[in-house]
There are 2 protein chains.
Amino acid sequence: MTTEVSPATGAGHVPAGTRWLDDGEQLAWRAWLHSTQMLQDRLERDLVRSTGIPSAYYEILVQLSETPDRMMRMSELADRCLSSRSRLSHAVSRLEERGWVRRQECPEDGRGLLAVLTDEGFAALEAAAPIHVESVRTHLFDQLSPQQIAAMRDVGETLLRHLGR
Amino acid sequence: MTTEVSPATGAGHVPAGTRWLDDGEQLAWRAWLHSTQMLQDRLERDLVRSTGIPSAYYEILVQLSETPDRMMRMSELADRCLSSRSRLSHAVSRLEERGWVRRQECPEDGRGLLAVLTDEGFAALEAAAPIHVESVRTHLFDQLSPQQIAAMRDVGETLLRHLGR
DNA sequence: GCGGAATAGTCAAGCCCTCAACTACGCTAC
DNA sequence: GTAGCGTAGTTGAGGGCTTGACTATTCCGC
C-alpha cells in the first residue's frame, strides 16, 4: 500500500459529505503510511541481503518452529502468516526445494497436509534469527522511547481488534 | 513484510550477546507487524474492489495532481512514491495504457521525461478519492482516539527521521 | 571541445502473488 | 450408500516487482 488521500481538487465535483482529512490527520496518515512502508522495506532488504531469506519465508519457519512438533496444518499456517492458502502453498513448495520444509499427510484428515520443519530449516532459522532481531532493534526499538513503544503497541492492538485478530 | 523474531530455541546455538526481544517487545512487535500488514491489505483491497485502482497507481495520480502543472520528473515522482525507478517506469507505462498519464520530453534536460496527468487521469482520481478517504477513516481514524492518532503520528515521524525522509 | 564519470530512464528475465478453476476428501441427511 | 455440499489444498495463467544490464544525455576537468 501507499497512498495519499485527497486530490488537489476544488469543492463541488465529488459527492457532498465526504469527510476529508484535516491537516493533522493528513500528517498522521502520511507519517504512518511512509514510516510503515519504509520500515518494512528496510527490514525486508536487510533480511534478504544478510540471510537470503525473504520475510514471508522467515515467518513460515518461525511459526513452524514455535510448534511442539515443528509441524502444522497448511491452513492454520496460512492464517498465522496472514497469507492466502494459494500463496502459502507456493511458498511451501519453494521451501521444500530448499529442503527446509516437507509436506506430510495428515493422519486425522485425509484432505489435509502437514508442513513439517526439517532440521536444515531449523538450522537456517537459527542462523538468521539473531541477524533479524538485530535489524528490528536497530530500525525500530532503538529509535523509540518506552512510551512510544507502549503507544505503538496500543495502537496496533486497537487496530487488530477492529480488523479481527 | 511479515516476521516474528525469535526462534523457539534453547540458548547456546547462536552468537552470544544477541539482544532478543523481551515479552513486552515481542507483543509490541507483533501488534505493529500484524496491524500494519492487515490494514494495508484491507485498504488495498477496498481500493481495488471499489475503484479498480491499485494503491501504487493511486499514489502516482495523487502526487501528480498536487503539482501546479500536473506534471513531474520521473525520478522525483519515483522518490515521492517511495518507488524504485524501474517500478515507476513500469507503472507509468500501464497508466499510459489507461490514458491517465502521458510521458513528455523534458525541455531543460534531454535525458529526462515528465509524467503528465491527463484530464481522464484527474477525473479517475477525483472519482476514487472520496471512496478511498472513507475507507481510511473507517479502518484507521474512526478506530483511534485523538491521543492514539497523535501517538501514531509521533511514532511515524520519529521512525521517518531515522529512515531518512 | 573532449574524455570520463555520473545521471535519467528503459527493458528483459525471473520470482512472487492473485484469482479462479480444479481435485480430493469429509460430513450430513435421506 | 449415495447425493449434495462444504472444506483442504493445488495449480496455471497473468500481472507486478526486482535486479542488473543497457542506451542516451549531461556534467566536469582539463
# chains A, B, ... in the order shown; residues from 1 in each chain; ligands from 1

$ interface_residues --of "chain B" --to "chain D" --cutoff "10 Å" --atoms "only C-alpha atoms (C1' of nucleotides)" --output "ChimeraX atom specification"
/B:84,86-87,90-91,109-112

$ write_last_selection --atoms "all heavy atoms" --output "PDB file, in the first residue's frame"
ATOM      1  N   SER B  84      11.007   2.421  -6.695  1.00  0.00           N
ATOM      2  CA  SER B  84      12.224   2.380  -7.500  1.00  0.00           C
ATOM      3  C   SER B  84      11.939   3.002  -8.858  1.00  0.00           C
ATOM      4  O   SER B  84      10.788   3.133  -9.261  1.00  0.00           O
ATOM      5  CB  SER B  84      12.680   0.946  -7.677  1.00  0.00           C
ATOM      6  OG  SER B  84      11.800   0.262  -8.550  1.00  0.00           O
ATOM      7  N   SER B  86      12.661   1.774 -11.772  1.00  0.00           N
ATOM      8  CA  SER B  86      12.150   0.715 -12.647  1.00  0.00           C
ATOM      9  C   SER B  86      10.664   0.480 -12.410  1.00  0.00           C
ATOM     10  O   SER B  86       9.863   0.423 -13.346  1.00  0.00           O
ATOM     11  CB  SER B  86      12.938  -0.560 -12.403  1.00  0.00           C
ATOM     12  OG  SER B  86      12.367  -1.631 -13.087  1.00  0.00           O
ATOM     13  N   ARG B  87      10.319   0.359 -11.161  1.00  0.00           N
ATOM     14  CA  ARG B  87       8.924   0.118 -10.826  1.00  0.00           C
ATOM     15  C   ARG B  87       8.043   1.262 -11.322  1.00  0.00           C
ATOM     16  O   ARG B  87       6.995   1.055 -11.908  1.00  0.00           O
ATOM     17  CB  ARG B  87       8.806  -0.010  -9.296  1.00  0.00           C
ATOM     18  CG  ARG B  87       7.415  -0.262  -8.808  1.00  0.00           C
ATOM     19  CD  ARG B  87       7.399  -0.192  -7.288  1.00  0.00           C
ATOM     20  NE  ARG B  87       6.073  -0.423  -6.765  1.00  0.00           N
ATOM     21  CZ  ARG B  87       5.662  -0.039  -5.563  1.00  0.00           C
ATOM     22  NH1 ARG B  87       6.504   0.595  -4.761  1.00  0.00           N
ATOM     23  NH2 ARG B  87       4.445  -0.267  -5.166  1.00  0.00           N
ATOM     24  N   HIS B  90       7.571   1.108 -15.116  1.00  0.00           N
ATOM     25  CA  HIS B  90       6.537   0.131 -15.459  1.00  0.00           C
ATOM     26  C   HIS B  90       5.138   0.673 -15.152  1.00  0.00           C
ATOM     27  O   HIS B  90       4.230   0.571 -15.969  1.00  0.00           O
ATOM     28  CB  HIS B  90       6.753  -1.154 -14.646  1.00  0.00           C
ATOM     29  CG  HIS B  90       7.910  -1.980 -15.113  1.00  0.00           C
ATOM     30  ND1 HIS B  90       8.007  -2.490 -16.380  1.00  0.00           N
ATOM     31  CD2 HIS B  90       9.032  -2.396 -14.472  1.00  0.00           C
ATOM     32  CE1 HIS B  90       9.126  -3.187 -16.499  1.00  0.00           C
ATOM     33  NE2 HIS B  90       9.774  -3.148 -15.351  1.00  0.00           N
ATOM     34  N   ALA B  91       4.988   1.250 -13.977  1.00  0.00           N
ATOM     35  CA  ALA B  91       3.662   1.712 -13.561  1.00  0.00           C
ATOM     36  C   ALA B  91       3.162   2.819 -14.485  1.00  0.00           C
ATOM     37  O   ALA B  91       1.998   2.843 -14.882  1.00  0.00           O
ATOM     38  CB  ALA B  91       3.710   2.199 -12.113  1.00  0.00           C
ATOM     39  N   ASP B 109      16.274  19.141 -19.739  1.00  0.00           N
ATOM     40  CA  ASP B 109      17.221  18.038 -19.598  1.00  0.00           C
ATOM     41  C   ASP B 109      16.866  16.937 -20.586  1.00  0.00           C
ATOM     42  O   ASP B 109      15.877  16.236 -20.419  1.00  0.00           O
ATOM     43  CB  ASP B 109      17.194  17.513 -18.159  1.00  0.00           C
ATOM     44  CG  ASP B 109      18.298  16.485 -17.908  1.00  0.00           C
ATOM     45  OD1 ASP B 109      18.785  15.880 -18.892  1.00  0.00           O
ATOM     46  OD2 ASP B 109      18.680  16.287 -16.740  1.00  0.00           O
ATOM     47  N   GLY B 110      17.685  16.812 -21.592  1.00  0.00           N
ATOM     48  CA  GLY B 110      17.418  15.868 -22.676  1.00  0.00           C
ATOM     49  C   GLY B 110      17.327  14.424 -22.234  1.00  0.00           C
ATOM     50  O   GLY B 110      16.790  13.580 -22.942  1.00  0.00           O
ATOM     51  N   ARG B 111      17.866  14.119 -21.036  1.00  0.00           N
ATOM     52  CA  ARG B 111      17.779  12.741 -20.549  1.00  0.00           C
ATOM     53  C   ARG B 111      16.433  12.471 -19.914  1.00  0.00           C
ATOM     54  O   ARG B 111      15.984  11.332 -19.826  1.00  0.00           O
ATOM     55  CB  ARG B 111      18.838  12.504 -19.462  1.00  0.00           C
ATOM     56  CG  ARG B 111      20.246  12.590 -19.934  1.00  0.00           C
ATOM     57  CD  ARG B 111      21.178  12.644 -18.745  1.00  0.00           C
ATOM     58  NE  ARG B 111      20.912  13.813 -17.898  1.00  0.00           N
ATOM     59  CZ  ARG B 111      21.598  14.131 -16.813  1.00  0.00           C
ATOM     60  NH1 ARG B 111      22.576  13.342 -16.405  1.00  0.00           N
ATOM     61  NH2 ARG B 111      21.330  15.206 -16.124  1.00  0.00           N
ATOM     62  N   GLY B 112      15.812  13.556 -19.469  1.00  0.00           N
ATOM     63  CA  GLY B 112      14.662  13.401 -18.582  1.00  0.00           C
ATOM     64  C   GLY B 112      13.327  13.349 -19.287  1.00  0.00           C
ATOM     65  O   GLY B 112      13.183  13.710 -20.447  1.00  0.00           O
TER      66      GLY B 112
END

$ closest_atom_pairs --of "chain C" --to "chain B" --cutoff "8 Å" --atoms "only C-alpha atoms (C1' of nucleotides)" --output "Markdown table"
| residue | atom | partner | partner_atom | distance |
| --- | --- | --- | --- | --- |
| C:DA8 | C1' | B:Arg111 | CA | 5.3 |
| C:DG9 | C1' | B:Gly112 | CA | 7.3 |
| C:DT10 | C1' | B:Ser89 | CA | 7.5 |

$ write_last_selection --atoms "N, CA and C atoms (P, O5', C5', C4', C3', O3' and C1' of nucleotides)" --output "short mmCIF file (atom, residue, chain, number, x, y, z; two decimals), in the first residue's frame"
data_model
loop_
_atom_site.label_atom_id
_atom_site.label_comp_id
_atom_site.auth_asym_id
_atom_site.auth_seq_id
_atom_site.Cartn_x
_atom_site.Cartn_y
_atom_site.Cartn_z
P DA C 8 19.19 12.05 -12.07
"O5'" DA C 8 18.67 11.50 -13.48
"C5'" DA C 8 18.48 12.40 -14.55
"C4'" DA C 8 17.63 11.75 -15.62
"C3'" DA C 8 16.42 11.00 -15.08
"O3'" DA C 8 15.28 11.36 -15.85
"C1'" DA C 8 17.80 9.53 -16.38
P DG C 9 13.84 10.83 -15.38
"O5'" DG C 9 13.76 9.45 -16.17
"C5'" DG C 9 13.79 9.49 -17.59
"C4'" DG C 9 14.02 8.11 -18.14
"C3'" DG C 9 12.98 7.06 -17.76
"O3'" DG C 9 12.14 6.86 -18.90
"C1'" DG C 9 15.21 6.19 -17.86
P DT C 10 11.04 5.74 -18.90
"O5'" DT C 10 11.83 4.50 -19.52
"C5'" DT C 10 12.48 4.66 -20.77
"C4'" DT C 10 13.10 3.35 -21.21
"C3'" DT C 10 12.12 2.16 -21.22
"O3'" DT C 10 12.25 1.55 -22.50
"C1'" DT C 10 14.09 1.62 -20.03
#

$ closest_residue --among "A:Gly17, A:Arg161, A:Glu105, A:Ser55" --to "chain B" --atoms "only C-alpha atoms"
A:Ser55

$ select_by_dssp --residues "stretch 12-128 of chain B" --states "strand (DSSP E or B)" --output "PyMOL selection string"
chain B and resi 71-73+101-105+113-117

$ write_last_selection --atoms "all heavy atoms" --output "short mmCIF file (atom, residue, chain, number, x, y, z; two decimals), in the first residue's frame"
data_model
loop_
_atom_site.label_atom_id
_atom_site.label_comp_id
_atom_site.auth_asym_id
_atom_site.auth_seq_id
_atom_site.Cartn_x
_atom_site.Cartn_y
_atom_site.Cartn_z
N MET B 71 2.39 17.80 -13.59
CA MET B 71 3.47 17.03 -14.23
C MET B 71 4.67 17.01 -13.31
O MET B 71 4.83 17.87 -12.45
CB MET B 71 3.82 17.63 -15.58
CG MET B 71 4.26 19.08 -15.57
SD MET B 71 4.66 19.67 -17.24
CE MET B 71 3.10 19.53 -18.10
N MET B 72 5.49 15.98 -13.46
CA MET B 72 6.65 15.84 -12.60
C MET B 72 7.69 14.97 -13.28
O MET B 72 7.34 14.07 -14.05
CB MET B 72 6.22 15.19 -11.28
CG MET B 72 7.22 15.35 -10.14
SD MET B 72 6.68 14.46 -8.65
CE MET B 72 5.24 15.39 -8.20
N ARG B 73 8.95 15.24 -12.99
CA ARG B 73 10.03 14.39 -13.50
C ARG B 73 9.85 12.97 -12.98
O ARG B 73 9.48 12.76 -11.82
CB ARG B 73 11.39 14.93 -13.03
CG ARG B 73 11.81 16.18 -13.75
CD ARG B 73 12.11 15.92 -15.20
NE ARG B 73 13.27 15.06 -15.35
CZ ARG B 73 14.52 15.51 -15.45
NH1 ARG B 73 14.76 16.81 -15.44
NH2 ARG B 73 15.53 14.68 -15.58
N VAL B 101 -2.08 9.01 -17.79
CA VAL B 101 -0.82 9.72 -17.69
C VAL B 101 -0.20 9.66 -19.08
O VAL B 101 -0.46 8.73 -19.84
CB VAL B 101 0.12 9.03 -16.66
CG1 VAL B 101 1.53 9.60 -16.73
CG2 VAL B 101 -0.44 9.17 -15.24
N ARG B 102 0.59 10.68 -19.44
CA ARG B 102 1.42 10.53 -20.64
C ARG B 102 2.82 11.04 -20.34
O ARG B 102 3.02 11.82 -19.41
CB ARG B 102 0.80 11.26 -21.83
CG ARG B 102 0.71 12.72 -21.70
CD ARG B 102 -0.13 13.35 -22.83
NE ARG B 102 -0.62 14.63 -22.41
CZ ARG B 102 0.14 15.72 -22.28
NH1 ARG B 102 1.42 15.66 -22.58
NH2 ARG B 102 -0.37 16.87 -21.87
N ARG B 103 3.76 10.54 -21.11
CA ARG B 103 5.14 10.97 -20.96
C ARG B 103 5.40 12.13 -21.90
O ARG B 103 4.88 12.15 -23.02
CB ARG B 103 6.09 9.82 -21.30
CG ARG B 103 6.31 8.87 -20.15
CD ARG B 103 7.24 7.74 -20.56
NE ARG B 103 6.53 6.46 -20.48
CZ ARG B 103 6.86 5.48 -19.62
NH1 ARG B 103 7.91 5.63 -18.84
NH2 ARG B 103 6.19 4.37 -19.58
N GLN B 104 6.25 13.06 -21.47
CA GLN B 104 6.54 14.23 -22.30
C GLN B 104 8.00 14.56 -22.11
O GLN B 104 8.52 14.49 -20.99
CB GLN B 104 5.65 15.37 -21.79
CG GLN B 104 5.72 16.62 -22.59
CD GLN B 104 4.72 17.64 -22.04
OE1 GLN B 104 3.51 17.44 -22.06
NE2 GLN B 104 5.24 18.73 -21.49
N GLU B 105 8.68 14.93 -23.19
CA GLU B 105 10.09 15.24 -23.06
C GLU B 105 10.31 16.45 -22.17
O GLU B 105 9.50 17.36 -22.13
CB GLU B 105 10.70 15.49 -24.45
CG GLU B 105 10.85 14.20 -25.23
CD GLU B 105 11.52 14.42 -26.58
OE1 GLU B 105 11.97 15.56 -26.84
OE2 GLU B 105 11.59 13.46 -27.37
N LEU B 113 12.34 12.85 -18.56
CA LEU B 113 10.97 12.83 -19.05
C LEU B 113 10.06 13.38 -17.96
O LEU B 113 10.36 13.27 -16.77
CB LEU B 113 10.53 11.40 -19.39
CG LEU B 113 11.19 10.74 -20.59
CD1 LEU B 113 10.70 9.32 -20.73
CD2 LEU B 113 10.93 11.53 -21.86
N LEU B 114 8.97 13.95 -18.40
CA LEU B 114 7.95 14.39 -17.47
C LEU B 114 6.76 13.45 -17.56
O LEU B 114 6.33 13.09 -18.66
CB LEU B 114 7.48 15.81 -17.82
CG LEU B 114 8.52 16.91 -17.59
CD1 LEU B 114 8.17 18.15 -18.39
CD2 LEU B 114 8.59 17.24 -16.10
N ALA B 115 6.25 13.05 -16.42
CA ALA B 115 4.98 12.32 -16.39
C ALA B 115 3.89 13.37 -16.22
O ALA B 115 3.96 14.20 -15.33
CB ALA B 115 4.95 11.34 -15.23
N VAL B 116 2.89 13.33 -17.10
CA VAL B 116 1.84 14.34 -17.08
C VAL B 116 0.50 13.66 -16.82
O VAL B 116 0.15 12.69 -17.50
CB VAL B 116 1.76 15.09 -18.43
CG1 VAL B 116 0.74 16.22 -18.34
CG2 VAL B 116 3.12 15.59 -18.84
N LEU B 117 -0.23 14.20 -15.86
CA LEU B 117 -1.57 13.68 -15.55
C LEU B 117 -2.56 14.20 -16.59
O LEU B 117 -2.67 15.41 -16.79
CB LEU B 117 -1.98 14.15 -14.16
CG LEU B 117 -3.31 13.66 -13.59
CD1 LEU B 117 -3.31 12.15 -13.43
CD2 LEU B 117 -3.59 14.34 -12.25
#

$ closest_residue --among "B:Val133, B:Ala31, B:Cys81, B:Leu61" --to "B:Trp100" --atoms "only C-alpha atoms"
B:Leu61

$ select_by_dssp --residues "stretch 35-120 of chain A" --states "helix (DSSP H, G or I)" --output "VMD selection string"
chain A and resid 35 to 51 55 to 65 74 to 80 85 to 97 119 to 120

$ write_last_selection --atoms "C-alpha atoms" --output "short mmCIF file (atom, residue, chain, number, x, y, z; two decimals), in the first residue's frame"
data_model
loop_
_atom_site.label_atom_id
_atom_site.label_comp_id
_atom_site.auth_asym_id
_atom_site.auth_seq_id
_atom_site.Cartn_x
_atom_site.Cartn_y
_atom_site.Cartn_z
CA SER A 35 7.06 5.00 8.02
CA THR A 36 5.44 1.58 7.77
CA GLN A 37 6.36 1.25 4.12
CA MET A 38 9.92 2.35 4.62
CA LEU A 39 10.44 0.24 7.71
CA GLN A 40 9.01 -2.91 6.15
CA ASP A 41 11.12 -2.29 3.10
CA ARG A 42 14.26 -1.78 5.14
CA LEU A 43 13.75 -4.87 7.28
CA GLU A 44 12.99 -6.95 4.21
CA ARG A 45 16.12 -5.82 2.40
CA ASP A 46 18.29 -6.34 5.45
CA LEU A 47 16.94 -9.84 5.91
CA VAL A 48 17.33 -10.88 2.29
CA ARG A 49 20.76 -9.32 1.92
CA SER A 50 22.21 -10.87 5.06
CA THR A 51 20.47 -14.24 5.17
CA SER A 55 10.46 -12.32 5.33
CA ALA A 56 7.49 -14.31 4.04
CA TYR A 57 9.60 -17.48 4.27
CA TYR A 58 11.10 -16.44 7.57
CA GLU A 59 7.64 -16.09 9.04
CA ILE A 60 6.71 -19.58 7.94
CA LEU A 61 9.84 -21.02 9.54
CA VAL A 62 9.14 -19.14 12.78
CA GLN A 63 5.57 -20.35 13.01
CA LEU A 64 6.61 -23.94 12.46
CA SER A 65 9.47 -23.68 14.94
CA MET A 74 -1.32 -25.86 5.90
CA SER A 75 -4.42 -23.77 6.52
CA GLU A 76 -3.53 -22.88 10.05
CA LEU A 77 -0.07 -21.93 8.89
CA ALA A 78 -1.60 -19.72 6.23
CA ASP A 79 -3.81 -18.00 8.79
CA ARG A 80 -0.96 -17.39 11.18
CA ARG A 85 -3.77 -20.53 1.00
CA SER A 86 -2.55 -20.31 -2.52
CA ARG A 87 0.33 -18.10 -1.54
CA LEU A 88 1.30 -20.39 1.29
CA SER A 89 1.10 -23.41 -0.95
CA HIS A 90 3.50 -21.82 -3.44
CA ALA A 91 5.82 -20.69 -0.65
CA VAL A 92 5.94 -24.13 0.96
CA SER A 93 6.80 -25.63 -2.41
CA ARG A 94 9.75 -23.30 -2.68
CA LEU A 95 10.82 -24.06 0.88
CA GLU A 96 10.63 -27.75 0.04
CA GLU A 97 13.05 -27.15 -2.82
CA ASP A 119 16.45 -29.90 10.71
CA GLU A 120 18.01 -27.92 7.88
#

$ closest_residue --among "B:Leu21, B:Ala28, B:Leu82, B:Cys106" --to "chain A" --atoms "only C-alpha atoms"
B:Ala28

$ atom_distance --atom1 "atom CA of B:Leu144" --atom2 "atom CA of B:Asp22"
26.4 Å
